[in-house]
Amino acid sequence: MISAIDGIIENRGSDYVTVKAGALSFYINVSTNTLDEVEAIGKRVYLYTHLHLREDNVALYGFSHFDELKLFQKLITVAGIGPRLALSLLSTFGANKLISAIINNNLDLLSTAPGVGKKMAARIVLELKGKLQKDGIGEHIPNITLENADVITALVNLGYTIREANDALSTLPGNEEMKLEEKIKLALQYLATK
């Protein structure tokens, strides 16, 4: 099994990198979070990897952080979630927000991800919440409240991507007394400066 790749970036796209390691070049599917951390073409990169074998397909998935790899591996154990959907969830929310949504039963937030409805969100929480807590994953991650999920939904309805909405949400002050409208206004101000 290929557990990590250390090499030079030969090429990169919107959801992959090609890494030359020795005499071989590897096509590695990556989350947008990992892609954001990867250096430019010609630079060295170290990625933790998961080799996914199917009868009709062999694919390699890479992550810049070991925790993101472990979460990916837990996600693909959920019935109905393949590696592409797991990677999409990580790209949409990032590892910390995804863990928070699972541990805090935030089905509304999870169901905003492409390809995930209410039933799939409920299955993710049902199958992973206990496993994450047993492994001590998510103890340091704050709760993403239903109101914050409403901020994300409002921003997505205004045409922003879930990733942009999550970025804007992360800039908001932790004031619990702040009204939903104020949060949306501050998030829009942040997004206007990007």
# chains A, B, ... in the order shown; residues from 1 in each chain; ligands from 1
$ residues_around --residues "A:Ala121" --least-positions-apart "6" --cutoff "6 Å" --atoms "only C-alpha atoms" --output "mmCIF file with C-alpha atoms, in the first residue's frame"
data_model
loop_
_atom_site.group_PDB
_atom_site.id
_atom_site.type_symbol
_atom_site.label_atom_id
_atom_site.label_comp_id
_atom_site.auth_asym_id
_atom_site.auth_seq_id
_atom_site.Cartn_x
_atom_site.Cartn_y
_atom_site.Cartn_z
ATOM 1 C CA LEU A 107 -27.797 17.714 9.608
ATOM 2 C CA LEU A 110 -24.164 18.567 6.194
ATOM 3 C CA SER A 111 -27.072 18.436 3.765
#
$ residues_around --residues "A:Lys119" --least-positions-apart "2" --cutoff "12 Å" --atoms "only C-alpha atoms" --output "number ranges by chain"
A: 79-80, 107-108, 110-111, 115-117, 121-126
$ select_by_dssp --residues "stretch 14-180 of chain A" --states "strand (DSSP E)" --output "PyMOL selection string"
chain A and resi 16-21+24-30+44-54+57-63
$ closest_atom_pairs --of "stretch 47-135 of chain A" --to "stretch 155-174 of chain A" --cutoff "8 Å" --atoms "only C-alpha atoms" --output "Markdown table"
| residue | atom | partner | partner_atom | distance |
| --- | --- | --- | --- | --- |
| A:Ser91 | CA | A:Arg163 | CA | 7.5 |
| A:Thr92 | CA | A:Arg163 | CA | 5.3 |
| A:Phe93 | CA | A:Arg163 | CA | 6.5 |
| A:Thr112 | CA | A:Ile162 | CA | 7.9 |
| A:Ala113 | CA | A:Ile162 | CA | 7.6 |
$ atom_distance --atom1 "atom CA of A:Ile9" --atom2 "atom CA of A:Val45"
6.7 Å
$ residues_around --residues "stretch 54-66 of chain A" --least-positions-apart "3" --cutoff "8 Å" --atoms "only C-alpha atoms" --output "NGL selection string"
:A and (4 or 26-31 or 34 or 37-38 or 46-51 or 69-70)
$ closest_residue --among "A:Lys97, A:His52, A:Lys129, A:Lys118" --to "A:Val78" --atoms "only C-alpha atoms"
A:Lys129
$ atom_distance --atom1 "atom CA of A:Asn105" --atom2 "atom CA of A:Glu127"
11.5 Å
$ select_by_dssp --residues "chain A" --states "helix (DSSP H, G or I)" --output "ChimeraX atom specification"
/A:32-37,66-75,83-93,95-103,107-110,118-134,146-157,162-170,180-193
$ atom_distance --atom1 "atom CA of A:Leu109" --atom2 "atom CA of A:Asn148"
8.7 Å
$ residues_around --residues "A:Leu90" --least-positions-apart "6" --cutoff "9 Å" --atoms "only C-alpha atoms" --output "list in words"
Ser31, Thr32, Asn33, Glu68, Leu71, Phe72, Lys97 and Leu98 of chain A
$ write_last_selection --atoms "C-alpha atoms" --output "short mmCIF file (atom, residue, chain, number, x, y, z; two decimals), in the first residue's frame"
data_model
loop_
_atom_site.label_atom_id
_atom_site.label_comp_id
_atom_site.auth_asym_id
_atom_site.auth_seq_id
_atom_site.Cartn_x
_atom_site.Cartn_y
_atom_site.Cartn_z
CA SER A 31 -9.22 18.13 -1.63
CA THR A 32 -9.26 21.86 -2.29
CA ASN A 33 -7.79 22.36 1.20
CA GLU A 68 -7.62 14.83 7.04
CA LEU A 71 -11.30 11.53 8.42
CA PHE A 72 -11.42 10.61 4.71
CA LYS A 97 -16.10 22.05 10.24
CA LEU A 98 -17.01 18.60 8.97
#
$ residues_around --residues "stretch 181-185 of chain A" --least-positions-apart "2" --cutoff "8 Å" --atoms "only C-alpha atoms" --output "ChimeraX atom specification"
/A:151,154-155,172,178-179,187-189
$ write_last_selection --atoms "C-alpha atoms" --output "CSV table (one decimal), in the first residue's frame"
chain,number,residue,atom,x,y,z
A,151,VAL,CA,-25.6,32.0,7.6
A,154,ALA,CA,-28.1,32.4,3.2
A,155,LEU,CA,-24.7,33.1,1.5
A,172,LEU,CA,-17.1,36.2,12.4
A,178,MET,CA,-25.1,38.5,17.6
A,179,LYS,CA,-28.3,38.3,15.4
A,187,ALA,CA,-19.9,37.8,6.2
A,188,LEU,CA,-21.0,39.8,3.1
A,189,GLN,CA,-18.6,42.6,4.1
